[in-house]
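Here is the file upload_35.txt (compact mmCIF, C-alpha atoms and all ligand atoms).
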# COMPACT_ATOMS: atom_id res chain seq x y z
CA MET D 1 -130.86 -76.48 23.74
CA GLN D 2 -131.09 -78.74 20.75
CA ILE D 3 -134.01 -80.89 19.66
CA GLN D 4 -132.87 -84.24 18.25
CA HIS D 5 -134.95 -86.54 16.04
CA ASN D 6 -135.57 -90.31 16.10
CA ILE D 7 -133.38 -90.97 19.11
CA SER D 8 -133.16 -94.43 20.69
CA LEU D 9 -134.24 -94.35 24.35
CA LYS D 10 -132.23 -97.49 25.16
CA PRO D 11 -129.56 -95.60 27.17
CA PHE D 12 -132.25 -93.66 29.03
CA ASN D 13 -134.26 -96.51 30.60
CA THR D 14 -132.81 -99.05 33.03
CA PHE D 15 -134.80 -101.88 31.43
CA GLY D 16 -132.69 -101.21 28.32
CA ILE D 17 -135.71 -101.29 25.98
CA ASP D 18 -134.89 -100.05 22.50
CA VAL D 19 -137.72 -97.76 21.42
CA LYS D 20 -137.38 -94.47 19.57
CA ALA D 21 -138.42 -90.97 20.52
CA LYS D 22 -139.67 -88.89 17.61
CA GLN D 23 -138.08 -85.84 19.24
CA PHE D 24 -135.70 -85.65 22.20
CA VAL D 25 -134.23 -82.79 24.17
CA SER D 26 -131.89 -82.70 27.14
CA VAL D 27 -133.09 -79.98 29.53
CA THR D 28 -130.32 -78.40 31.60
CA SER D 29 -132.04 -75.31 33.03
CA VAL D 30 -135.44 -74.31 34.37
CA THR D 31 -135.43 -71.44 31.87
CA ASP D 32 -135.15 -73.96 29.02
CA LEU D 33 -137.93 -76.01 30.56
CA ILE D 34 -140.22 -72.99 30.71
CA SER D 35 -139.33 -71.99 27.18
CA ILE D 36 -140.23 -75.49 25.88
CA TYR D 37 -143.60 -75.30 27.58
CA SER D 38 -144.21 -71.75 26.30
CA THR D 39 -143.72 -72.83 22.69
CA LYS D 40 -146.53 -74.58 20.87
CA SER D 41 -145.57 -78.00 19.55
CA GLU D 42 -147.66 -80.46 17.59
CA LEU D 43 -146.27 -83.40 19.60
CA PRO D 44 -147.26 -84.32 23.14
CA LYS D 45 -144.47 -84.00 25.71
CA PHE D 46 -143.11 -86.84 27.77
CA ILE D 47 -140.95 -86.34 30.85
CA LEU D 48 -138.02 -88.66 31.38
CA GLY D 49 -136.07 -88.65 34.64
CA GLY D 50 -133.71 -91.49 35.48
CA GLY D 51 -135.82 -93.96 33.46
CA SER D 52 -135.63 -96.42 36.32
CA ASN D 53 -139.30 -96.99 36.96
CA MET D 54 -140.81 -97.44 33.54
CA LEU D 55 -141.44 -100.09 30.93
CA LEU D 56 -141.47 -98.64 27.42
CA THR D 57 -143.71 -100.69 25.16
CA LYS D 58 -143.77 -98.56 22.00
CA ASP D 59 -142.02 -95.86 19.99
CA MET D 60 -142.80 -92.47 21.44
CA GLU D 61 -144.66 -90.12 19.11
CA ALA D 62 -143.63 -87.37 21.47
CA LEU D 63 -141.11 -84.72 22.39
CA VAL D 64 -139.20 -86.51 25.14
CA LEU D 65 -137.75 -84.13 27.74
CA HIS D 66 -134.75 -85.59 29.49
CA ILE D 67 -134.58 -83.72 32.81
CA ASN D 68 -130.87 -83.08 33.15
CA LEU D 69 -130.84 -80.32 35.80
CA LYS D 70 -127.67 -80.68 37.91
CA GLY D 71 -126.40 -79.32 41.21
CA LYS D 72 -126.39 -80.13 44.91
CA HIS D 73 -125.67 -77.83 47.84
CA ILE D 74 -126.13 -77.09 51.49
CA LEU D 75 -128.90 -74.57 52.16
CA SER D 76 -128.53 -74.13 55.90
CA LEU D 77 -126.70 -75.81 58.70
CA SER D 78 -127.66 -75.84 62.36
CA ASN D 79 -126.35 -77.76 65.35
CA ASP D 80 -127.99 -81.07 64.62
CA THR D 81 -129.59 -80.77 61.23
CA VAL D 82 -128.87 -79.58 57.74
CA LEU D 83 -131.04 -78.73 54.76
CA VAL D 84 -129.55 -79.95 51.47
CA LYS D 85 -130.91 -79.31 48.03
CA ALA D 86 -130.38 -81.37 44.89
CA GLU D 87 -131.55 -80.56 41.39
CA ALA D 88 -133.87 -83.09 39.74
CA GLY D 89 -131.35 -84.56 37.29
CA GLU D 90 -128.82 -85.61 39.94
CA ASN D 91 -128.34 -89.38 40.10
CA TRP D 92 -129.96 -90.59 43.33
CA HIS D 93 -127.17 -92.85 44.55
CA GLU D 94 -124.41 -90.33 43.79
CA PHE D 95 -126.38 -87.79 45.80
CA VAL D 96 -126.72 -90.25 48.71
CA LEU D 97 -122.95 -90.88 48.63
CA TRP D 98 -122.32 -87.12 48.67
CA THR D 99 -124.50 -86.73 51.80
CA LEU D 100 -122.56 -89.55 53.47
CA GLU D 101 -119.19 -88.00 52.55
CA ASN D 102 -120.41 -84.91 54.38
CA ASN D 103 -121.52 -87.10 57.29
CA PHE D 104 -125.17 -86.12 56.85
CA GLY D 105 -127.50 -88.85 58.07
CA GLY D 106 -130.90 -90.00 56.89
CA LEU D 107 -130.49 -91.39 53.39
CA GLU D 108 -128.06 -94.25 54.09
CA ASN D 109 -130.75 -96.97 53.97
CA LEU D 110 -131.75 -95.69 50.53
CA SER D 111 -128.30 -96.32 49.03
CA LEU D 112 -128.00 -97.78 45.53
CA ILE D 113 -131.61 -97.16 44.47
CA PRO D 114 -131.53 -96.48 40.73
CA GLY D 115 -133.04 -93.29 39.33
CA ASN D 116 -132.76 -89.56 39.83
CA VAL D 117 -133.47 -87.17 42.68
CA GLY D 118 -136.36 -85.50 40.84
CA THR D 119 -138.41 -88.64 40.50
CA SER D 120 -137.71 -89.97 44.00
CA PRO D 121 -140.70 -88.21 45.64
CA ILE D 122 -143.19 -89.34 42.98
CA GLN D 123 -143.27 -92.89 44.25
CA ASN D 124 -141.85 -92.12 47.70
CA ILE D 125 -138.94 -94.51 47.17
CA GLY D 126 -138.26 -96.81 50.09
CA ALA D 127 -136.02 -99.60 51.23
CA TYR D 128 -134.82 -101.31 54.40
CA GLY D 129 -137.22 -99.67 56.82
CA VAL D 130 -136.87 -96.11 55.49
CA GLU D 131 -138.89 -94.10 53.01
CA LEU D 132 -138.05 -90.86 51.25
CA LYS D 133 -140.82 -89.10 53.19
CA ASP D 134 -138.83 -89.54 56.42
CA THR D 135 -136.25 -86.93 55.34
CA PHE D 136 -138.05 -85.08 52.55
CA TYR D 137 -138.41 -81.40 53.48
CA SER D 138 -139.83 -79.83 50.31
CA CYS D 139 -139.60 -79.81 46.55
CA ASP D 140 -139.93 -77.16 43.86
CA ALA D 141 -142.04 -78.10 40.87
CA LEU D 142 -142.95 -76.30 37.68
CA ASN D 143 -146.71 -75.92 37.31
CA LEU D 144 -147.24 -76.81 33.65
CA GLU D 145 -150.32 -74.63 33.37
CA THR D 146 -149.13 -71.39 35.00
CA LEU D 147 -145.42 -72.02 34.24
CA GLU D 148 -144.60 -70.91 37.76
CA ILE D 149 -142.51 -72.74 40.31
CA GLU D 150 -144.47 -73.97 43.33
CA THR D 151 -143.05 -75.35 46.55
CA PHE D 152 -144.54 -78.52 48.05
CA SER D 153 -143.93 -79.22 51.74
CA ASN D 154 -143.79 -82.77 53.09
CA SER D 155 -147.46 -82.74 54.05
CA ASP D 156 -148.48 -81.20 50.69
CA CYS D 157 -147.11 -84.33 49.00
CA HIS D 158 -149.54 -86.81 50.67
CA PHE D 159 -146.86 -89.48 50.84
CA ASP D 160 -147.92 -93.09 51.21
CA TYR D 161 -146.42 -96.51 50.40
CA ARG D 162 -144.94 -96.02 46.89
CA ASN D 163 -147.33 -93.13 46.35
CA SER D 164 -147.68 -89.33 46.52
CA ILE D 165 -149.78 -86.49 45.16
CA PHE D 166 -147.61 -86.65 42.01
CA LYS D 167 -149.18 -90.04 41.18
CA GLU D 168 -152.67 -88.85 42.12
CA ASP D 169 -154.21 -85.33 41.92
CA ALA D 170 -151.05 -83.62 40.66
CA LYS D 171 -150.25 -86.34 38.08
CA GLY D 172 -149.07 -84.86 34.78
CA LYS D 173 -149.47 -81.31 36.06
CA TYR D 174 -145.98 -80.62 37.44
CA ILE D 175 -142.32 -81.29 36.80
CA ILE D 176 -140.23 -81.55 39.95
CA VAL D 177 -137.09 -79.45 39.45
CA SER D 178 -135.36 -79.79 42.83
CA VAL D 179 -135.77 -81.49 46.20
CA VAL D 180 -134.71 -80.38 49.70
CA PHE D 181 -133.94 -82.94 52.40
CA LYS D 182 -133.60 -82.40 56.14
CA LEU D 183 -130.72 -84.55 57.35
CA THR D 184 -128.88 -84.97 60.62
CA THR D 185 -125.32 -83.76 61.29
CA ASN D 186 -125.10 -85.27 64.78
CA ASN D 187 -126.96 -87.88 66.78
CA HIS D 188 -127.87 -89.78 63.64
CA VAL D 189 -130.93 -91.99 63.95
CA LEU D 190 -129.88 -95.43 62.77
CA HIS D 191 -132.37 -97.86 61.22
CA THR D 192 -130.87 -101.30 61.59
CA ASN D 193 -134.00 -103.22 62.56
CA TYR D 194 -134.66 -104.53 59.11
CA GLY D 195 -133.52 -108.15 59.37
CA ALA D 196 -131.12 -108.22 56.47
CA ILE D 197 -129.27 -105.10 57.68
CA ALA D 198 -128.68 -106.48 61.16
CA SER D 199 -127.29 -109.74 59.79
CA GLU D 200 -125.15 -107.99 57.16
CA LEU D 201 -123.61 -105.73 59.86
CA GLU D 202 -122.92 -108.80 61.97
CA HIS D 203 -121.31 -110.45 58.96
CA MET D 204 -119.18 -107.28 58.54
CA GLN D 205 -118.32 -107.61 62.26
CA ILE D 206 -119.60 -104.13 63.06
CA SER D 207 -121.38 -103.68 66.36
CA ASN D 208 -121.51 -99.85 66.53
CA PRO D 209 -122.36 -98.91 62.98
CA THR D 210 -121.95 -95.44 61.49
CA ILE D 211 -124.26 -94.16 58.77
CA GLN D 212 -121.51 -95.02 56.29
CA ASP D 213 -121.44 -98.63 57.59
CA ILE D 214 -125.20 -98.90 57.12
CA SER D 215 -124.85 -97.65 53.57
CA LYS D 216 -122.16 -100.27 52.91
CA ALA D 217 -124.40 -102.99 54.37
CA VAL D 218 -127.34 -101.87 52.21
CA ILE D 219 -125.14 -101.79 49.12
CA ALA D 220 -123.92 -105.32 49.86
CA ILE D 221 -127.46 -106.62 50.37
CA ARG D 222 -128.80 -104.97 47.23
CA GLN D 223 -125.86 -106.19 45.16
CA SER D 224 -126.43 -109.75 46.38
CA LYS D 225 -130.14 -109.77 45.50
CA LEU D 226 -130.88 -107.17 42.86
CA PRO D 227 -129.43 -107.15 39.35
CA ASP D 228 -127.30 -104.14 38.39
CA PRO D 229 -129.18 -102.38 35.56
CA LYS D 230 -125.82 -101.70 33.87
CA GLU D 231 -125.44 -105.45 33.44
CA ILE D 232 -129.01 -106.79 33.26
CA GLY D 233 -131.91 -104.54 32.25
CA ASN D 234 -134.48 -104.17 35.02
CA SER D 235 -136.60 -101.69 36.89
CA GLY D 236 -136.23 -102.91 40.48
CA SER D 237 -139.47 -104.20 41.98
CA PHE D 238 -141.84 -104.63 39.07
CA PHE D 239 -144.85 -105.11 41.39
CA LYS D 240 -146.01 -103.50 44.61
CA ASN D 241 -146.44 -105.65 47.67
CA PRO D 242 -150.20 -106.17 47.91
CA ILE D 243 -152.16 -105.17 51.00
CA ILE D 244 -154.99 -107.56 51.85
CA SER D 245 -157.66 -107.72 54.54
CA LYS D 246 -157.04 -109.59 57.76
CA ASP D 247 -159.75 -112.10 56.83
CA ALA D 248 -158.16 -112.78 53.45
CA PHE D 249 -154.80 -113.15 55.19
CA LEU D 250 -156.13 -115.70 57.71
CA LYS D 251 -157.54 -117.73 54.82
CA LEU D 252 -154.22 -117.58 52.99
CA GLN D 253 -152.33 -118.58 56.14
CA ASP D 254 -154.56 -121.64 56.47
CA SER D 255 -153.27 -122.96 53.17
CA PHE D 256 -149.74 -121.51 53.47
CA PRO D 257 -148.76 -121.45 57.16
CA ASP D 258 -145.32 -119.97 56.37
CA VAL D 259 -146.50 -117.00 54.34
CA PRO D 260 -144.31 -113.97 55.26
CA HIS D 261 -146.35 -110.88 56.12
CA TYR D 262 -146.30 -107.48 57.79
CA VAL D 263 -149.30 -106.38 59.83
CA ILE D 264 -149.78 -102.73 58.89
CA SER D 265 -152.99 -101.94 60.73
CA GLU D 266 -155.76 -103.72 62.58
CA ASP D 267 -157.45 -104.66 59.30
CA ASP D 268 -154.60 -104.72 56.76
CA VAL D 269 -151.72 -107.09 56.11
CA LYS D 270 -148.99 -106.60 53.51
CA ILE D 271 -147.80 -109.72 51.67
CA PRO D 272 -144.47 -109.75 49.79
CA ALA D 273 -145.27 -110.09 46.10
CA GLY D 274 -141.84 -111.74 45.72
CA TRP D 275 -143.04 -114.63 47.86
CA LEU D 276 -146.31 -114.99 45.92
CA ILE D 277 -144.43 -115.00 42.60
CA GLU D 278 -141.80 -117.45 43.84
CA THR D 279 -144.47 -119.77 45.27
CA ALA D 280 -146.28 -119.58 41.93
CA GLY D 281 -143.10 -121.03 40.38
CA PHE D 282 -141.81 -118.04 38.43
CA LYS D 283 -138.56 -117.28 40.24
CA GLY D 284 -135.63 -117.60 37.83
CA LYS D 285 -137.93 -118.47 34.91
CA THR D 286 -136.37 -117.44 31.59
CA LEU D 287 -138.24 -116.98 28.33
CA GLY D 288 -135.50 -116.44 25.77
CA ASN D 289 -133.94 -113.06 26.47
CA TYR D 290 -136.14 -112.01 29.39
CA GLY D 291 -137.60 -113.44 32.56
CA VAL D 292 -137.86 -113.32 36.34
CA HIS D 293 -134.66 -112.64 38.30
CA LYS D 294 -133.21 -115.75 39.90
CA LYS D 295 -132.49 -114.12 43.27
CA GLN D 296 -135.55 -111.88 43.67
CA ALA D 297 -138.87 -112.85 42.11
CA LEU D 298 -140.19 -109.28 42.32
CA VAL D 299 -137.78 -108.16 39.61
CA LEU D 300 -138.40 -108.80 35.90
CA VAL D 301 -135.28 -108.71 33.74
CA ASN D 302 -134.27 -108.04 30.16
CA TYR D 303 -131.14 -110.03 29.33
CA GLY D 304 -130.78 -107.98 26.14
CA GLY D 305 -133.00 -107.38 23.17
CA ALA D 306 -136.41 -108.08 24.76
CA SER D 307 -139.26 -105.78 23.83
CA GLY D 308 -141.41 -103.93 26.32
CA ASN D 309 -144.36 -106.01 25.18
CA ASP D 310 -142.52 -109.28 25.92
CA ILE D 311 -142.03 -108.13 29.50
CA LEU D 312 -145.56 -106.76 29.75
CA LYS D 313 -146.97 -110.12 28.62
CA LEU D 314 -144.90 -111.95 31.23
CA SER D 315 -146.09 -109.53 33.93
CA LYS D 316 -149.71 -110.23 32.97
CA LEU D 317 -149.13 -113.98 33.09
CA ILE D 318 -147.66 -113.57 36.58
CA GLN D 319 -150.58 -111.40 37.72
CA ASN D 320 -153.15 -113.89 36.39
CA THR D 321 -151.38 -116.87 37.95
CA VAL D 322 -151.06 -115.15 41.34
CA MET D 323 -154.76 -114.25 41.15
CA ARG D 324 -155.74 -117.81 40.30
CA LEU D 325 -153.59 -119.43 43.00
CA PHE D 326 -153.98 -116.96 45.87
CA ASP D 327 -156.95 -114.78 44.91
CA ILE D 328 -154.67 -111.73 45.32
CA ALA D 329 -154.29 -108.93 42.78
CA ILE D 330 -150.73 -107.66 42.39
CA GLU D 331 -150.32 -104.28 40.81
CA ALA D 332 -147.38 -103.12 38.70
CA GLU D 333 -145.11 -100.66 40.49
CA VAL D 334 -143.41 -99.51 37.30
CA ASN D 335 -145.18 -97.18 34.89
CA ILE D 336 -146.17 -98.95 31.70
CA ILE D 337 -145.76 -96.52 28.79
N1 LIG A 401 -139.38 -113.22 49.11
C1 LIG A 401 -139.52 -114.48 48.58
N2 LIG A 401 -139.06 -114.69 47.31
C2 LIG A 401 -138.48 -113.73 46.58
C3 LIG A 401 -138.35 -112.42 47.12
C4 LIG A 401 -138.81 -112.19 48.41
O1 LIG A 401 -140.04 -115.39 49.21
O2 LIG A 401 -138.08 -114.01 45.45
C5 LIG A 401 -139.80 -112.97 50.51
C6 LIG A 401 -138.56 -112.85 51.41
O3 LIG A 401 -138.18 -114.07 51.90
C7 LIG A 401 -139.05 -111.96 52.52
C8 LIG A 401 -140.08 -111.09 51.84
O4 LIG A 401 -140.43 -111.72 50.62
O5 LIG A 401 -139.71 -112.72 53.50
C9 LIG A 401 -139.61 -109.66 51.60
O6 LIG A 401 -138.51 -109.65 50.71
P1 LIG A 401 -137.43 -108.45 50.68
O7 LIG A 401 -136.98 -108.14 52.04
O8 LIG A 401 -136.45 -108.79 49.64
O9 LIG A 401 -138.26 -107.17 50.26
P2 LIG A 401 -139.40 -106.97 49.20
O10 LIG A 401 -140.71 -106.81 49.87
O11 LIG A 401 -139.29 -108.02 48.19
C10 LIG A 401 -139.23 -104.34 49.22
C11 LIG A 401 -139.17 -103.22 48.19
C12 LIG A 401 -137.79 -103.11 47.58
C13 LIG A 401 -136.81 -102.84 48.72
C14 LIG A 401 -136.91 -104.00 49.73
C15 LIG A 401 -136.04 -103.80 50.93
C16 LIG A 401 -141.44 -103.11 47.30
C17 LIG A 401 -142.33 -103.39 46.14
N3 LIG A 401 -140.17 -103.48 47.16
O12 LIG A 401 -138.98 -105.57 48.52
O13 LIG A 401 -137.78 -102.01 46.69
O14 LIG A 401 -135.49 -102.73 48.23
O15 LIG A 401 -138.28 -104.09 50.21
O16 LIG A 401 -136.60 -102.84 51.78
O17 LIG A 401 -141.91 -102.58 48.30
C18 LIG A 401 -137.91 -101.26 44.41
O18 LIG A 401 -138.92 -100.61 44.75
O19 LIG A 401 -137.47 -101.23 43.23
C19 LIG A 401 -137.26 -102.11 45.41
C20 LIG A 401 -136.26 -102.92 45.08
Re-express the file's structure as structure tokens.
Ligand code: EPU
Amino acid sequence: MQIQHNISLKPFNTFGIDVKAKQFVSVTSVTDLISIYSTKSELPKFILGGGSNMLLTKDMEALVLHINLKGKHILSLSNDTVLVKAEAGENWHEFVLWTLENNFGGLENLSLIPGNVGTSPIQNIGAYGVELKDTFYSCDALNLETLEIETFSNSDCHFDYRNSIFKEDAKGKYIIVSVVFKLTTNNHVLHTNYGAIASELEHMQISNPTIQDISKAVIAIRQSKLPDPKEIGNSGSFFKNPIISKDAFLKLQDSFPDVPHYVISEDDVKIPAGWLIETAGFKGKTLGNYGVHKKQALVLVNYGGASGNDILKLSKLIQNTVMRLFDIAIEAEVNII
């Protein structure tokens, strides 16, 4: 384990923001992780997973720990289900592809989401009608106070839309080191109701899809709408879809009869932030080397060389404009550092 100094974090965040870490270490074992936390250091520590859900706005006066724990394996196999475990530093999409090669079902709708396995439970990643919580079985996390590994079951994690205990009560207190998923080996439950999946499968001329077909459809949809972080810096959805009251929704619908929406309970309606931002006129807007993606207004992009503060300023302008036009607050989904 080697501590490096003044390292650029550009390759370690999908926005491609060039800030420096005062100290940087790649952590490849839990033993190393514990030893780092047992040693006194004058710098605060900062945990970096896949770097896919953060906007870095300044140099880090910190010891940055790049969680690089690797490994994936089958824990137990029964007739219809399997428990699989992946270490935190595994790339999420490569892990999903591995489950599909083994014909394990449950993660196919979550194909091509950037980031690592270890950070996936923190915001309960979700896409195309499926959330991580649907297949999450448990995770092991290092308690940073006791330096012991604790196991969190699905219910321990208090999963919610883009939220979990790791963003609330347990925030900053644990590092997730591995995650176990319960997947199907037979009788896979297919989620094809999400509009875009059904039409993509039709386009692919597939009427009896396998889990692998669904993954291919999801990959095609994502590639058509979302920029590849290897080509254009971005962090996926920059904002969460806001949830507003039914009364507020009815008022909004009066002025905008076509507003897309999902009724999530008797009193709450979710509005796509992408629609609000597009209607506010920001879709495809470019300000020099950064802007709003032309195919999905929810995604802010760095075309190369933008600073975190440039993108932060744009996000604030969008939030203020959406507030002024629709009286709706949209919250950032990415962590602003
Ligand atoms: N819309 C617009 N303009 C846009 C984008 C969207 O009008 O520029 C409208 C669409 O027409 C549609 C609605 O908004 O009626 C919803 O759009 P979409 O299906 O693309 O999904 P989303 O709500 O924009 C969410 C997730 C994505 C996930 C997709 C698919 C959040 C914040 N985002 O986006 O997650 O891939 O659903 O399930 O919940 C991510 O978190 O990084 C991410 C990409």
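Proximal residues of ligand LIG 401 (chain A) are Ile125, Gly126, Ala127, Tyr128, Gly129, Ser235, Gly236, Ser237, Phe238, Phe239, Lys240, Asn241, Pro260, Pro272, Ala273, Gly274, Trp275, Glu278, Lys283, Lys295, Gln296, Ala297, Leu298 and Glu333 of chain D, by a cut-off of 7 Å on only C-alpha atoms and all ligand atoms.
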Give the centre and edge lengths of an axis-aligned box, in Å to one decimal, that holds all listed atoms of range 173-179 of chain D with 8 Å on each side, as AutoDock Vina command-line options.
--center_x -142.4 --center_y -80.5 --center_z 41.1 --size_x 30.1 --size_y 18.1 --size_z 26.1
Skip range 109-116 of chain D itself and residues of its chain fewer than 5 positions away, then list as a list in words all residues within 6 Å of it, counting all atoms listed in the file.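 What passes the distance filter is Gly50, Ser52, Gly89, Glu90, Asn91, Trp92, His93, Ala127, Tyr128 and Ser215 of chain D.
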Residues just named, written with C-alpha atoms as a short mmCIF file (atom, residue, chain, number, x, y, z; two decimals), keeping the file's coordinate frame:
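The resulting file, out_31.cif, is shown below:
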data_model
loop_
_atom_site.label_atom_id
_atom_site.label_comp_id
_atom_site.auth_asym_id
_atom_site.auth_seq_id
_atom_site.Cartn_x
_atom_site.Cartn_y
_atom_site.Cartn_z
CA GLY D 50 -133.71 -91.49 35.48
CA SER D 52 -135.63 -96.42 36.32
CA GLY D 89 -131.35 -84.56 37.29
CA GLU D 90 -128.82 -85.61 39.94
CA ASN D 91 -128.34 -89.38 40.10
CA TRP D 92 -129.96 -90.59 43.33
CA HIS D 93 -127.17 -92.85 44.55
CA ALA D 127 -136.02 -99.60 51.23
CA TYR D 128 -134.82 -101.31 54.40
CA SER D 215 -124.85 -97.65 53.57
#
Counting all atoms listed in the file, figure out which residue out of D:Asn154, D:Asn186, D:Gln23, D:Ser35 gets nearest to Asp80 in chain D. D:Asn186
Would you list the contacts of Lys313 in chain D as number ranges by chain, taking every protein, DNA or RNA residue within 12 Å and counting all atoms listed in the file, but skipping same-chain residues closer than 3 positions in sequence? D: 55, 57, 287, 290-291, 300, 306-310, 316-320, 336
